[in-house]
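Content type TSV, C-alpha atoms, from the file structure-v7.tsv:
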```
chain	number	residue	atom	x	y	z
A	1	MET	CA	115.63	33.95	113.12
A	2	ASN	CA	113.21	36.04	111.07
A	3	THR	CA	110.56	38.00	112.96
A	4	PRO	CA	107.03	36.78	112.08
A	5	TRP	CA	105.73	40.23	111.22
A	6	ILE	CA	102.04	41.07	111.19
A	7	THR	CA	101.13	44.12	109.09
A	8	THR	CA	98.16	46.12	110.40
A	9	PRO	CA	96.33	48.64	108.19
A	10	LEU	CA	96.84	52.22	109.32
A	11	THR	CA	93.30	53.36	109.99
A	12	ALA	CA	91.74	56.26	111.85
A	13	ASP	CA	90.85	54.10	114.87
A	14	LEU	CA	94.57	53.69	115.60
A	15	LEU	CA	95.25	57.45	115.57
A	16	ARG	CA	94.59	60.18	118.11
A	17	GLY	CA	95.16	63.91	117.76
A	18	ALA	CA	94.43	64.15	114.01
A	19	LEU	CA	91.29	65.76	112.59
A	20	ASP	CA	91.62	64.19	109.12
A	21	LEU	CA	93.44	61.35	107.40
A	22	GLU	CA	94.41	61.73	103.75
A	23	HIS	CA	95.14	58.63	101.65
A	24	THR	CA	98.25	59.16	99.53
A	25	GLU	CA	100.20	57.06	97.03
A	26	HIS	CA	102.50	56.00	99.87
A	27	GLY	CA	100.04	55.48	102.73
A	28	VAL	CA	98.14	57.94	104.89
A	29	LEU	CA	98.94	61.52	105.89
A	30	PRO	CA	97.53	62.81	109.22
A	31	HIS	CA	96.16	66.34	109.10
A	32	ARG	CA	95.46	68.61	112.06
A	33	LEU	CA	92.93	70.62	110.06
A	34	PRO	CA	90.02	69.13	108.11
A	35	ALA	CA	89.95	69.29	104.31
A	36	ARG	CA	87.30	72.02	104.25
A	37	ALA	CA	89.50	74.30	106.34
A	38	ARG	CA	92.61	73.56	104.29
A	39	ALA	CA	90.77	74.45	101.10
A	40	GLN	CA	89.98	77.96	102.28
A	41	TYR	CA	93.52	79.31	102.22
A	42	ALA	CA	96.43	77.64	100.41
A	43	ASP	CA	99.20	79.10	102.54
A	44	PRO	CA	102.47	77.09	102.33
A	45	LEU	CA	103.36	77.91	105.94
A	46	LEU	CA	100.02	76.70	107.28
A	47	ALA	CA	100.07	73.66	104.98
A	48	SER	CA	103.45	72.68	106.36
A	49	ALA	CA	102.48	73.35	109.98
A	50	GLU	CA	99.19	71.46	110.02
A	51	THR	CA	100.78	68.34	108.46
A	52	GLN	CA	103.51	68.35	111.11
A	53	PRO	CA	101.76	65.97	113.53
A	54	SER	CA	102.27	67.70	116.87
A	55	GLY	CA	100.30	65.70	119.41
A	56	VAL	CA	99.35	63.00	116.88
A	57	ARG	CA	100.05	59.45	118.03
A	58	LEU	CA	99.33	55.85	117.17
A	59	VAL	CA	97.63	54.06	120.06
A	60	PHE	CA	97.01	50.31	120.17
A	61	ARG	CA	96.86	47.31	122.50
A	62	THR	CA	99.20	44.40	121.80
A	63	ARG	CA	101.47	41.73	123.28
A	64	ALA	CA	104.13	42.55	120.69
A	65	THR	CA	107.75	42.78	121.83
A	66	ALA	CA	108.84	44.42	118.56
A	67	VAL	CA	107.21	47.21	116.53
A	68	GLU	CA	108.25	48.72	113.21
A	69	LEU	CA	106.72	51.81	111.63
A	70	ASP	CA	107.54	52.78	108.05
A	71	THR	CA	107.09	56.49	107.37
A	72	LEU	CA	107.86	59.01	104.67
A	73	PRO	CA	109.00	62.19	106.42
A	74	THR	CA	109.45	65.58	104.83
A	75	LYS	CA	112.65	67.22	106.06
A	76	ARG	CA	112.91	71.01	106.03
A	77	VAL	CA	116.18	72.51	104.85
A	78	TYR	CA	116.81	76.24	105.27
A	79	VAL	CA	119.18	77.80	102.73
A	80	GLY	CA	122.35	78.98	104.46
A	81	ALA	CA	121.56	77.25	107.77
A	82	PRO	CA	123.02	74.06	109.28
A	83	PRO	CA	120.97	70.85	108.74
A	84	ARG	CA	118.08	70.31	111.12
A	85	PRO	CA	118.05	67.13	113.22
A	86	ASP	CA	115.72	64.32	112.18
A	87	GLY	CA	112.28	64.35	113.77
A	88	VAL	CA	111.86	62.30	116.94
A	89	TYR	CA	109.39	59.47	117.58
A	90	ASP	CA	108.52	58.83	121.24
A	91	LEU	CA	107.34	55.40	122.42
A	92	LEU	CA	105.15	55.03	125.50
A	93	VAL	CA	104.15	51.70	127.06
A	94	ASP	CA	101.16	51.94	129.41
A	95	GLY	CA	101.78	55.68	129.58
A	96	GLU	CA	105.46	55.46	130.49
A	97	PRO	CA	108.41	56.45	128.24
A	98	ALA	CA	109.90	53.31	126.70
A	99	GLY	CA	111.92	54.38	123.67
A	100	ARG	CA	112.83	57.06	121.19
A	101	GLY	CA	113.85	56.90	117.52
A	102	THR	CA	114.21	58.74	114.24
A	103	VAL	CA	113.70	58.06	110.52
A	104	ALA	CA	116.38	59.10	108.04
A	105	GLY	CA	115.79	59.93	104.38
A	106	GLY	CA	112.44	61.15	103.17
A	107	ASN	CA	111.33	64.07	101.06
A	108	THR	CA	113.13	67.40	101.28
A	109	LEU	CA	111.52	70.84	101.39
A	110	THR	CA	114.13	73.54	100.83
A	111	ILE	CA	113.12	76.96	102.13
A	112	ASP	CA	114.87	80.20	101.27
A	113	MET	CA	113.90	82.60	104.04
A	114	THR	CA	115.35	85.57	102.18
A	115	THR	CA	112.96	85.13	99.25
A	116	GLY	CA	110.15	83.05	100.77
A	117	SER	CA	110.56	80.37	98.08
A	118	PHE	CA	109.93	76.63	98.59
A	119	GLU	CA	111.40	73.76	96.57
A	120	SER	CA	110.39	70.09	97.04
A	121	ARG	CA	112.45	67.00	96.24
A	122	PRO	CA	111.18	63.41	96.67
A	123	GLY	CA	113.06	60.85	98.76
A	124	PRO	CA	112.71	57.34	100.19
A	125	ALA	CA	110.65	56.13	103.13
A	126	GLY	CA	112.40	54.85	106.24
A	127	THR	CA	111.71	52.76	109.35
A	128	VAL	CA	111.72	53.38	113.08
A	129	ARG	CA	111.98	50.17	115.14
A	130	PHE	CA	111.27	49.54	118.80
A	131	ASP	CA	112.08	46.15	120.30
A	132	GLY	CA	112.59	44.56	123.70
A	133	LEU	CA	109.08	45.54	124.76
A	134	PRO	CA	107.53	43.64	127.69
A	135	ASP	CA	105.86	40.35	126.71
A	136	ARG	CA	102.41	41.12	128.08
A	137	ALA	CA	99.20	42.83	127.06
A	138	LYS	CA	99.87	46.58	127.06
A	139	VAL	CA	98.91	49.88	125.48
A	140	VAL	CA	101.54	51.17	123.07
A	141	GLU	CA	101.69	54.79	121.90
A	142	ILE	CA	103.98	56.06	119.14
A	143	TRP	CA	104.03	59.87	119.16
A	144	LEU	CA	104.93	61.19	115.73
A	145	PRO	CA	107.50	63.99	115.25
A	146	HIS	CA	105.91	67.26	116.25
A	147	ASN	CA	107.95	69.25	113.71
A	148	GLU	CA	108.22	66.97	110.66
A	149	THR	CA	105.47	66.21	108.12
A	150	THR	CA	105.00	62.44	108.34
A	151	GLU	CA	103.21	60.08	105.98
A	152	LEU	CA	102.46	56.70	107.58
A	153	VAL	CA	103.35	53.82	105.25
A	154	ALA	CA	103.17	50.57	107.23
A	155	LEU	CA	102.85	49.25	110.80
A	156	ARG	CA	104.39	45.88	111.63
A	157	THR	CA	104.39	43.99	114.93
A	158	ASP	CA	105.28	40.47	116.08
A	159	ALA	CA	101.84	40.02	117.68
A	160	PRO	CA	98.32	41.16	116.75
A	161	VAL	CA	97.22	44.76	117.29
A	162	GLU	CA	93.82	46.11	118.31
A	163	PRO	CA	92.55	49.67	118.69
A	164	VAL	CA	92.07	51.23	122.12
A	165	PRO	CA	88.68	52.96	122.18
A	166	MET	CA	88.39	56.23	124.06
A	167	ASP	CA	86.74	55.31	127.37
A	168	GLY	CA	85.77	58.82	128.42
A	169	GLU	CA	87.77	58.62	131.64
A	170	ARG	CA	90.29	61.15	130.37
A	171	PRO	CA	88.86	64.48	129.19
A	172	VAL	CA	89.68	65.62	125.66
A	173	TRP	CA	91.60	68.89	125.71
A	174	LEU	CA	91.47	70.88	122.46
A	175	HIS	CA	94.13	73.58	122.23
A	176	HIS	CA	95.03	76.17	119.59
A	177	GLY	CA	98.11	78.36	119.48
A	178	SER	CA	101.26	79.40	117.62
A	179	SER	CA	104.63	77.70	117.04
A	180	ILE	CA	105.15	77.81	120.80
A	181	SER	CA	102.13	75.54	121.23
A	182	HIS	CA	103.14	73.58	118.13
A	183	GLY	CA	106.37	72.65	119.92
A	184	SER	CA	109.02	75.06	118.55
A	185	ASP	CA	112.32	73.82	120.02
A	186	ALA	CA	111.00	71.10	122.34
A	187	ALA	CA	113.16	67.98	122.55
A	188	SER	CA	110.50	65.53	121.37
A	189	PRO	CA	106.76	65.19	120.72
A	190	THR	CA	105.86	64.19	124.29
A	191	THR	CA	107.85	67.11	125.73
A	192	THR	CA	106.15	70.04	124.01
A	193	TRP	CA	104.49	72.12	126.70
A	194	PRO	CA	100.92	71.07	125.72
A	195	ALA	CA	101.87	67.37	125.64
A	196	LEU	CA	103.53	67.61	129.05
A	197	ALA	CA	100.57	69.52	130.50
A	198	ALA	CA	98.12	66.96	129.10
A	199	SER	CA	100.09	64.09	130.60
A	200	LEU	CA	100.31	65.76	134.01
A	201	GLY	CA	96.65	66.80	133.86
A	202	GLY	CA	95.37	63.38	132.76
A	203	ALA	CA	93.89	64.69	129.49
A	204	GLU	CA	93.76	63.50	125.88
A	205	LEU	CA	95.40	66.21	123.80
A	206	VAL	CA	94.27	67.52	120.44
A	207	ASN	CA	96.92	70.09	119.59
A	208	LEU	CA	96.06	72.71	116.99
A	209	GLY	CA	99.22	74.70	117.58
A	210	PHE	CA	100.35	75.86	114.12
A	211	GLY	CA	103.75	77.49	113.60
A	212	GLY	CA	103.26	81.04	112.30
A	213	SER	CA	99.52	80.48	111.90
A	214	ALA	CA	97.62	81.39	115.07
A	215	LEU	CA	95.86	84.25	113.30
A	216	LEU	CA	92.23	84.01	114.46
A	217	ASP	CA	91.37	82.31	111.16
A	218	PRO	CA	87.62	81.62	110.98
A	219	PHE	CA	88.23	78.17	109.43
A	220	THR	CA	90.27	77.19	112.50
A	221	ALA	CA	87.45	78.37	114.76
A	222	ARG	CA	84.96	76.27	112.79
A	223	ALA	CA	87.26	73.23	112.95
A	224	MET	CA	87.40	73.61	116.73
A	225	ARG	CA	83.65	74.17	116.91
A	226	ASP	CA	83.09	70.83	115.18
A	227	THR	CA	85.68	68.84	117.17
A	228	PRO	CA	84.42	66.97	120.27
A	229	ALA	CA	86.14	68.34	123.37
A	230	ASP	CA	85.70	68.50	127.13
A	231	LEU	CA	88.19	71.33	127.62
A	232	ILE	CA	89.26	74.09	125.22
A	233	SER	CA	92.06	76.64	125.29
A	234	LEU	CA	93.05	79.39	122.91
A	235	LYS	CA	96.50	80.99	123.10
A	236	ILE	CA	96.72	83.99	120.81
A	237	GLY	CA	98.86	87.04	120.26
A	238	ILE	CA	102.42	86.47	119.13
A	239	ASN	CA	101.66	85.67	115.47
A	240	LEU	CA	99.28	88.60	115.20
A	241	VAL	CA	102.12	90.89	116.25
A	242	ASN	CA	105.10	89.37	114.47
A	243	LEU	CA	103.20	89.02	111.19
A	244	ASP	CA	101.59	92.45	111.63
A	245	VAL	CA	98.28	91.21	110.23
A	246	MET	CA	95.78	93.53	111.91
A	247	ARG	CA	95.28	96.50	114.18
A	248	LEU	CA	93.26	96.83	117.35
A	249	ARG	CA	90.12	97.82	115.43
A	250	ALA	CA	90.10	94.42	113.70
A	251	PHE	CA	91.55	92.42	116.59
A	252	THR	CA	88.74	92.95	119.10
A	253	PRO	CA	85.87	91.87	116.80
A	254	ALA	CA	87.99	88.97	115.52
A	255	VAL	CA	88.47	87.64	119.05
A	256	HIS	CA	84.77	87.97	119.76
A	257	GLY	CA	83.95	86.22	116.49
A	258	PHE	CA	86.34	83.34	117.22
A	259	LEU	CA	84.85	82.87	120.69
A	260	ASP	CA	81.30	83.11	119.31
A	261	THR	CA	82.08	80.32	116.84
A	262	LEU	CA	83.56	78.11	119.56
A	263	ARG	CA	80.49	78.67	121.70
A	264	ASP	CA	78.23	77.67	118.80
A	265	GLY	CA	79.57	74.13	119.16
A	266	HIS	CA	80.66	74.10	122.80
A	267	PRO	CA	78.25	76.36	124.69
A	268	THR	CA	79.24	75.35	128.25
A	269	THR	CA	82.66	73.72	127.82
A	270	PRO	CA	85.41	75.23	130.01
A	271	LEU	CA	87.17	77.68	127.68
A	272	LEU	CA	90.49	79.23	128.65
A	273	VAL	CA	91.88	82.25	126.79
A	274	ILE	CA	95.67	82.52	127.24
A	275	SER	CA	97.57	85.69	126.41
A	276	PRO	CA	101.16	85.63	125.09
A	277	ILE	CA	104.13	84.53	127.14
A	278	LEU	CA	106.82	87.14	127.63
A	279	CYS	CA	108.69	87.96	124.42
A	280	PRO	CA	110.92	91.01	125.04
A	281	ILE	CA	111.28	92.04	121.40
A	282	HIS	CA	107.51	92.49	121.02
A	283	GLU	CA	106.34	93.55	124.49
A	284	ASP	CA	106.01	97.19	123.44
A	285	THR	CA	107.33	97.14	119.87
A	286	PRO	CA	104.93	96.24	117.06
A	287	GLY	CA	105.73	93.93	114.17
A	288	PRO	CA	106.55	92.82	111.74
A	289	GLY	CA	109.16	90.58	113.26
A	290	VAL	CA	111.91	89.50	110.90
A	291	PRO	CA	114.82	87.05	111.04
A	292	ASP	CA	118.33	88.41	111.35
A	293	PHE	CA	119.93	86.64	108.40
A	294	SER	CA	123.43	87.64	109.49
A	295	THR	CA	123.26	84.94	112.18
A	296	LEU	CA	121.74	82.21	109.99
A	297	ALA	CA	124.97	80.47	108.94
A	298	THR	CA	126.04	80.02	112.54
A	299	GLY	CA	122.85	78.16	113.39
A	300	GLN	CA	121.95	80.95	115.83
A	301	LEU	CA	119.11	82.56	113.91
A	302	ARG	CA	117.50	85.37	115.87
A	303	PHE	CA	114.43	87.51	115.31
A	304	ARG	CA	113.94	91.23	115.80
A	305	ALA	CA	110.97	93.57	115.82
A	306	THR	CA	110.89	96.28	113.16
A	307	GLY	CA	107.81	98.31	114.09
A	308	ASP	CA	107.68	101.73	115.65
A	309	PRO	CA	106.40	101.83	119.27
A	310	GLU	CA	104.81	105.20	118.55
A	311	GLU	CA	102.38	103.45	116.18
A	312	ARG	CA	100.55	101.94	119.14
A	313	ALA	CA	98.63	105.20	119.21
A	314	PHE	CA	97.23	104.30	115.78
A	315	GLY	CA	96.14	100.80	116.79
A	316	LYS	CA	99.29	98.78	116.09
A	317	LEU	CA	99.41	95.64	118.19
A	318	THR	CA	102.05	94.74	120.74
A	319	LEU	CA	101.96	91.92	123.27
A	320	ASN	CA	101.04	94.30	126.10
A	321	VAL	CA	98.22	95.79	124.01
A	322	ILE	CA	96.92	92.29	123.29
A	323	ARG	CA	97.11	91.17	126.93
A	324	ASP	CA	95.14	94.18	128.10
A	325	GLU	CA	92.48	93.70	125.44
A	326	LEU	CA	92.14	89.94	125.96
A	327	ALA	CA	91.71	90.44	129.70
A	328	ARG	CA	89.04	93.07	129.05
A	329	ILE	CA	87.19	90.90	126.49
A	330	VAL	CA	87.14	87.86	128.78
A	331	GLU	CA	85.98	89.92	131.76
A	332	GLN	CA	83.18	91.41	129.66
A	333	ARG	CA	82.01	88.07	128.25
A	334	ALA	CA	82.42	86.13	131.50
A	335	ALA	CA	79.55	88.11	133.01
A	336	GLU	CA	77.28	85.96	130.82
A	337	ASP	CA	79.62	83.02	130.30
A	338	PRO	CA	80.74	81.56	133.64
A	339	HIS	CA	82.77	78.85	131.88
A	340	LEU	CA	85.06	81.38	130.17
A	341	HIS	CA	88.43	82.03	131.84
A	342	TYR	CA	91.61	84.04	131.27
A	343	LEU	CA	95.28	83.21	131.93
A	344	ASP	CA	98.07	85.76	131.55
A	345	GLY	CA	100.75	83.96	129.53
A	346	ARG	CA	103.46	85.52	131.68
A	347	ALA	CA	102.37	83.12	134.43
A	348	LEU	CA	103.82	80.40	132.20
A	349	TYR	CA	106.95	82.34	131.20
A	350	GLY	CA	107.63	85.78	132.58
A	351	GLU	CA	110.43	88.19	133.39
A	352	ALA	CA	112.20	86.02	135.96
A	353	ASP	CA	112.10	83.08	133.54
A	354	ALA	CA	113.51	85.21	130.72
A	355	ALA	CA	116.45	86.15	132.93
A	356	GLU	CA	117.14	82.49	133.71
A	357	LEU	CA	116.09	80.87	130.42
A	358	PRO	CA	116.17	83.52	127.68
A	359	LEU	CA	114.48	82.69	124.38
A	360	PRO	CA	117.41	81.46	122.26
A	361	ASP	CA	116.24	83.15	119.07
A	362	GLY	CA	114.31	85.94	120.74
A	363	LEU	CA	110.99	84.27	119.93
A	364	HIS	CA	110.80	80.53	120.72
A	365	PRO	CA	111.24	78.66	124.03
A	366	ASP	CA	113.87	75.92	124.29
A	367	ALA	CA	113.36	72.40	125.65
A	368	ALA	CA	113.83	73.37	129.29
A	369	THR	CA	111.32	76.19	128.97
A	370	HIS	CA	108.75	73.88	127.35
A	371	ARG	CA	109.03	71.63	130.40
A	372	ARG	CA	108.61	74.54	132.78
A	373	MET	CA	105.60	75.87	130.86
A	374	GLY	CA	103.96	72.44	130.74
A	375	GLU	CA	104.37	71.91	134.47
A	376	ARG	CA	103.04	75.37	135.26
A	377	PHE	CA	100.04	75.05	132.95
A	378	ALA	CA	99.16	71.68	134.48
A	379	ARG	CA	99.18	73.25	137.94
A	380	LEU	CA	97.33	76.44	136.97
A	381	ALA	CA	94.72	74.90	134.66
A	382	PHE	CA	94.26	71.32	135.86
A	383	GLY	CA	95.17	71.84	139.52
A	384	THR	CA	92.81	72.59	142.39
A	385	GLY	CA	90.71	75.63	141.60
A	386	GLY	CA	91.89	75.75	137.98
A	387	PRO	CA	89.46	76.12	135.06
A	388	PHE	CA	90.10	72.54	133.95
A	389	ALA	CA	90.07	70.97	137.42
A	390	GLY	CA	86.68	69.34	137.00
A	391	GLY	CA	87.53	67.66	133.70
A	392	GLY	CA	84.92	69.59	131.75
A	393	SER	CA	81.53	68.57	130.45
```
Could you write out this file's structure as structure tokens?
Amino acid sequence: MNTPWITTPLTADLLRGALDLEHTEHGVLPHRLPARARAQYADPLLASAETQPSGVRLVFRTRATAVELDTLPTKRVYVGAPPRPDGVYDLLVDGEPAGRGTVAGGNTLTIDMTTGSFESRPGPAGTVRFDGLPDRAKVVEIWLPHNETTELVALRTDAPVEPVPMDGERPVWLHHGSSISHGSDAASPTTTWPALAASLGGAELVNLGFGGSALLDPFTARAMRDTPADLISLKIGINLVNLDVMRLRAFTPAVHGFLDTLRDGHPTTPLLVISPILCPIHEDTPGPGVPDFSTLATGQLRFRATGDPEERAFGKLTLNVIRDELARIVEQRAAEDPHLHYLDGRALYGEADAAELPLPDGLHPDAATHRRMGERFARLAFGTGGPFAGGGS
């Protein structure tokens, strides 16, 4: 028996977690930065990261027992490394996990880390299908792969679909950070540490975690300034060190400028500044951080720091330097900004955690660590006495 499919246009009112929706020849491409921000710096790494829809999900109400989503993914292939697994789609029904799937095929982006070159090759769209859903009115969420650029081509169901308006009961939490916030090596899009923390804290997540791109960019600050939010957090440090982009003289004014811009749009919103989690290679050794290509073919790529610790005297940044300065900046500003707070990232992942769950590549947390960080952040930020406990303004 053929399923009587109903095709529903993929419109912005069905999507959460995206700041922009680009119409393409295949369908629509969710962006986590608006067009104006993307136009200000054409960096391939940022372009790839902001189109990987970490935290972006389709949300709709339906009685459907079967759902199909056609997408055109872009798979990343690293020269000399084993193939990466396909991106994961998580299905939630009324907030509870109800399925998981992948989409094969798609475009291919081949990256040569030794030269920094990128090569694109087109490929076919594919389909992820979820069936056996309960035959009742329910809210369905399809969380898109957090680490795979995903164009949405078509949504089909065996019953009508309607949008689920935001009712204001759950505060909107806007977060910015590095690949660790993006999701790095989390198992799936609902198990990145921000997604887990949002679920435990009862918040609607807008995740602006960008792999390799948490660099205090003014266009990111302006995007956050202009995005409605009840709660805001900013996790900064690791990319500034491992990319070696600035020294302390530039760092301090840049942090102030980023916070000033956020306050232009969100003057009294709870704002939490989070310093870096523990990363032994960069605690006291400046960047740049570089991959160890000798381990690439084994699938065990690791990173190492190449700076000279003595250069801290000349303003080179390390994670300890950044933590000290962030704590000082927040303490200084909090005297006039009672809604500004600070969290030492080592409360999420510190020395004891590193002994038990070492960073597999020296830089990124694994799936178990994402879960631990998400649970801890939910307790520290959303729990009693935490900066997000009241749900914001």
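Within 7 Å of the point (111.6, 43.7, 116.5), and counting all atoms listed in the file, the protein, DNA and RNA residues are Thr3, Thr65, Ala66, Val67, Glu68, Arg129, Phe130 and Asp131 of chain A.
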How would the residues just chosen look if you wrote them out with C-alpha atoms as a CSV table (one decimal), in the frame of the given file?
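Saved file again04.csv follows:
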```
chain,number,residue,atom,x,y,z
A,3,THR,CA,110.6,38.0,113.0
A,65,THR,CA,107.8,42.8,121.8
A,66,ALA,CA,108.8,44.4,118.6
A,67,VAL,CA,107.2,47.2,116.5
A,68,GLU,CA,108.2,48.7,113.2
A,129,ARG,CA,112.0,50.2,115.1
A,130,PHE,CA,111.3,49.5,118.8
A,131,ASP,CA,112.1,46.2,120.3
```
Sorted by chain and rising residue number, list the residues of region 170-236 of chain A at most 12 Å from region 329-339 of chain A (counting all atoms listed in the file), each with its closest atom pair and distance in Å to one decimal, as JSON lines.
```
{"residue": "A:Asp230", "atom": "CA", "partner": "A:His339", "partner_atom": "CA", "distance": 11.8}
{"residue": "A:Leu231", "atom": "CA", "partner": "A:His339", "partner_atom": "CA", "distance": 10.2}
{"residue": "A:Ile232", "atom": "CA", "partner": "A:His339", "partner_atom": "CA", "distance": 10.4}
{"residue": "A:Ser233", "atom": "CA", "partner": "A:His339", "partner_atom": "CA", "distance": 11.6}
{"residue": "A:Leu234", "atom": "CA", "partner": "A:Val330", "partner_atom": "CA", "distance": 11.9}
```
With region 14-33 of chain A as the partner and 12 Å as the cut-off, tabulate the residues of region 46-161 of chain A that qualify, each row holding the nearest pair of atoms and their distance in Å to one decimal, using all atoms listed in the file, sorted by chain and rising number, as a Markdown table.
```
| residue | atom | partner | partner_atom | distance |
| --- | --- | --- | --- | --- |
| A:Leu46 | CA | A:Leu33 | CA | 9.7 |
| A:Ala47 | CA | A:His31 | CA | 9.3 |
| A:Ser48 | CA | A:His31 | CA | 10.0 |
| A:Ala49 | CA | A:Arg32 | CA | 8.7 |
| A:Glu50 | CA | A:Arg32 | CA | 5.1 |
| A:Thr51 | CA | A:His31 | CA | 5.1 |
| A:Gln52 | CA | A:His31 | CA | 7.9 |
| A:Pro53 | CA | A:Pro30 | CA | 6.8 |
| A:Ser54 | CA | A:Gly17 | CA | 8.1 |
| A:Gly55 | CA | A:Gly17 | CA | 5.7 |
| A:Val56 | CA | A:Gly17 | CA | 4.4 |
| A:Arg57 | CA | A:Arg16 | CA | 5.5 |
| A:Leu58 | CA | A:Leu15 | CA | 4.7 |
| A:Val59 | CA | A:Leu14 | CA | 5.4 |
| A:Phe60 | CA | A:Leu14 | CA | 6.2 |
| A:Arg61 | CA | A:Leu14 | CA | 9.7 |
| A:Leu69 | CA | A:Gly27 | CA | 11.7 |
| A:Asp70 | CA | A:Gly27 | CA | 9.6 |
| A:Thr71 | CA | A:Gly27 | CA | 8.5 |
| A:Leu72 | CA | A:His26 | CA | 7.8 |
| A:Pro73 | CA | A:Leu29 | CA | 10.1 |
| A:Thr74 | CA | A:Leu29 | CA | 11.3 |
| A:Gly106 | CA | A:His26 | CA | 11.7 |
| A:Pro122 | CA | A:His26 | CA | 11.9 |
| A:Gly123 | CA | A:His26 | CA | 11.7 |
| A:Pro124 | CA | A:His26 | CA | 10.3 |
| A:Ala125 | CA | A:His26 | CA | 8.8 |
| A:Gly126 | CA | A:His26 | CA | 11.8 |
| A:Val139 | CA | A:Leu14 | CA | 11.4 |
| A:Val140 | CA | A:Leu14 | CA | 10.5 |
| A:Glu141 | CA | A:Leu15 | CA | 9.4 |
| A:Ile142 | CA | A:Leu15 | CA | 9.5 |
| A:Trp143 | CA | A:Arg16 | CA | 9.5 |
| A:Leu144 | CA | A:Pro30 | CA | 10.0 |
| A:Pro145 | CA | A:Pro30 | CA | 11.7 |
| A:His146 | CA | A:Arg32 | CA | 11.3 |
| A:Glu148 | CA | A:Pro30 | CA | 11.6 |
| A:Thr149 | CA | A:Leu29 | CA | 8.3 |
| A:Thr150 | CA | A:Leu29 | CA | 6.6 |
| A:Glu151 | CA | A:Leu29 | CA | 4.5 |
| A:Leu152 | CA | A:Val28 | CA | 5.2 |
| A:Val153 | CA | A:Gly27 | CA | 4.5 |
| A:Ala154 | CA | A:Gly27 | CA | 7.4 |
| A:Leu155 | CA | A:Leu14 | CA | 10.6 |
| A:Val161 | CA | A:Leu14 | CA | 9.5 |
```
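Of the residues listed (A:His282, A:His256, A:Lys235, A:Arg247), A:Lys235 shows the shortest atom-to-atom separation from Leu348 (chain A); distances use all atoms listed in the file.
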Distance query Leu196 (chain A) at most 7 Å, all atoms listed in the file, self and fewer than 6 positions along chain excluded, as a PDB file with C-alpha atoms, in the coordinates of the input:
```pdb
ATOM      1  CA  THR A 190     105.860  64.190 124.290  1.00  0.00           C
ATOM      2  CA  ARG A 371     109.030  71.630 130.400  1.00  0.00           C
ATOM      3  CA  GLY A 374     103.960  72.440 130.740  1.00  0.00           C
ATOM      4  CA  GLU A 375     104.370  71.910 134.470  1.00  0.00           C
TER       5      GLU A 375
END
```
**Request:** Fewer than 5 positions away in the same chain doesn't count, so skip those; otherwise give me all residues within 7 Å of Thr62 (chain A), counting all atoms listed in the file, as a PyMOL selection string.
**Result:** chain A and resi 137-139+159-162
**Message:** I want to know what sits within 10 Å of Leu278 (chain A), based on only C-alpha atoms, with residues of the same chain fewer than 5 positions away left out; could you give that as a PyMOL selection string?
**Reply:** chain A and resi 238+283+319-320+344-354+359+363
**Request:** State, in Å with one decimal place, the distance from CA of His370 (chain A) to CA of Phe293 (chain A).
**Result:**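 Here the two named atoms are 25.4 Å from each other.
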**Message:** Env of Arg323 (chain A): 9 Å cut, atoms = all atoms listed in the file, seq-sep filter 2 positions within chain, self excluded. Answer as a list in words.
**Reply:**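 In the requested form, the answer reads Gly237, Ile274, Ser275, Pro276, Thr318, Leu319, Asn320, Val321, Glu325, Leu326, Ala327, Arg328, Asp344 and Gly345 of chain A.
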**Prompt:** Do you know which residues are at most 12 Å from Gly383 (chain A) counting all atoms listed in the file, after dropping those on the same chain fewer than 4 positions away, and could you put them as JSON, numbers by chain?
**Reply:** {"A": [197, 198, 200, 201, 202, 375, 376, 377, 378, 379, 387, 388, 389, 390, 391]}
**Message:** Let me make sure I understand: among A:Pro270, A:Val290, A:Gly95, A:Leu240, which one has the smallest atom-to-atom distance to Glu204 (chain A) if we use all atoms listed in the file?
**Reply:** A:Gly95
**Message:** Quick check, in Å to one decimal: how far apart do CA of Gln300 (chain A) and CA of Thr369 (chain A) lie?
**Reply:** 17.6 Å
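Taking CA of Pro9 (chain A) and CA of Arg156 (chain A) as endpoints, the distance between them is 9.2 Å.
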**Item:** Option closest in space to Pro253 (chain A), from A:Pro228, A:Arg222, A:Asp86, A:Leu216 [counting all atoms listed in the file]
**Value:**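 Of all the options, A:Leu216 lies closest to Pro253 (chain A).
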Take every atom of region 139-158 of chain A listed in the file, pad by 3 Å on each side, and give me the axis-aligned box centre and edge lengths in Å, one decimal, as JSON.
```
{"center_x": 103.6, "center_y": 54.9, "center_z": 115.4, "size_x": 15.3, "size_y": 34.8, "size_z": 26.2}
```
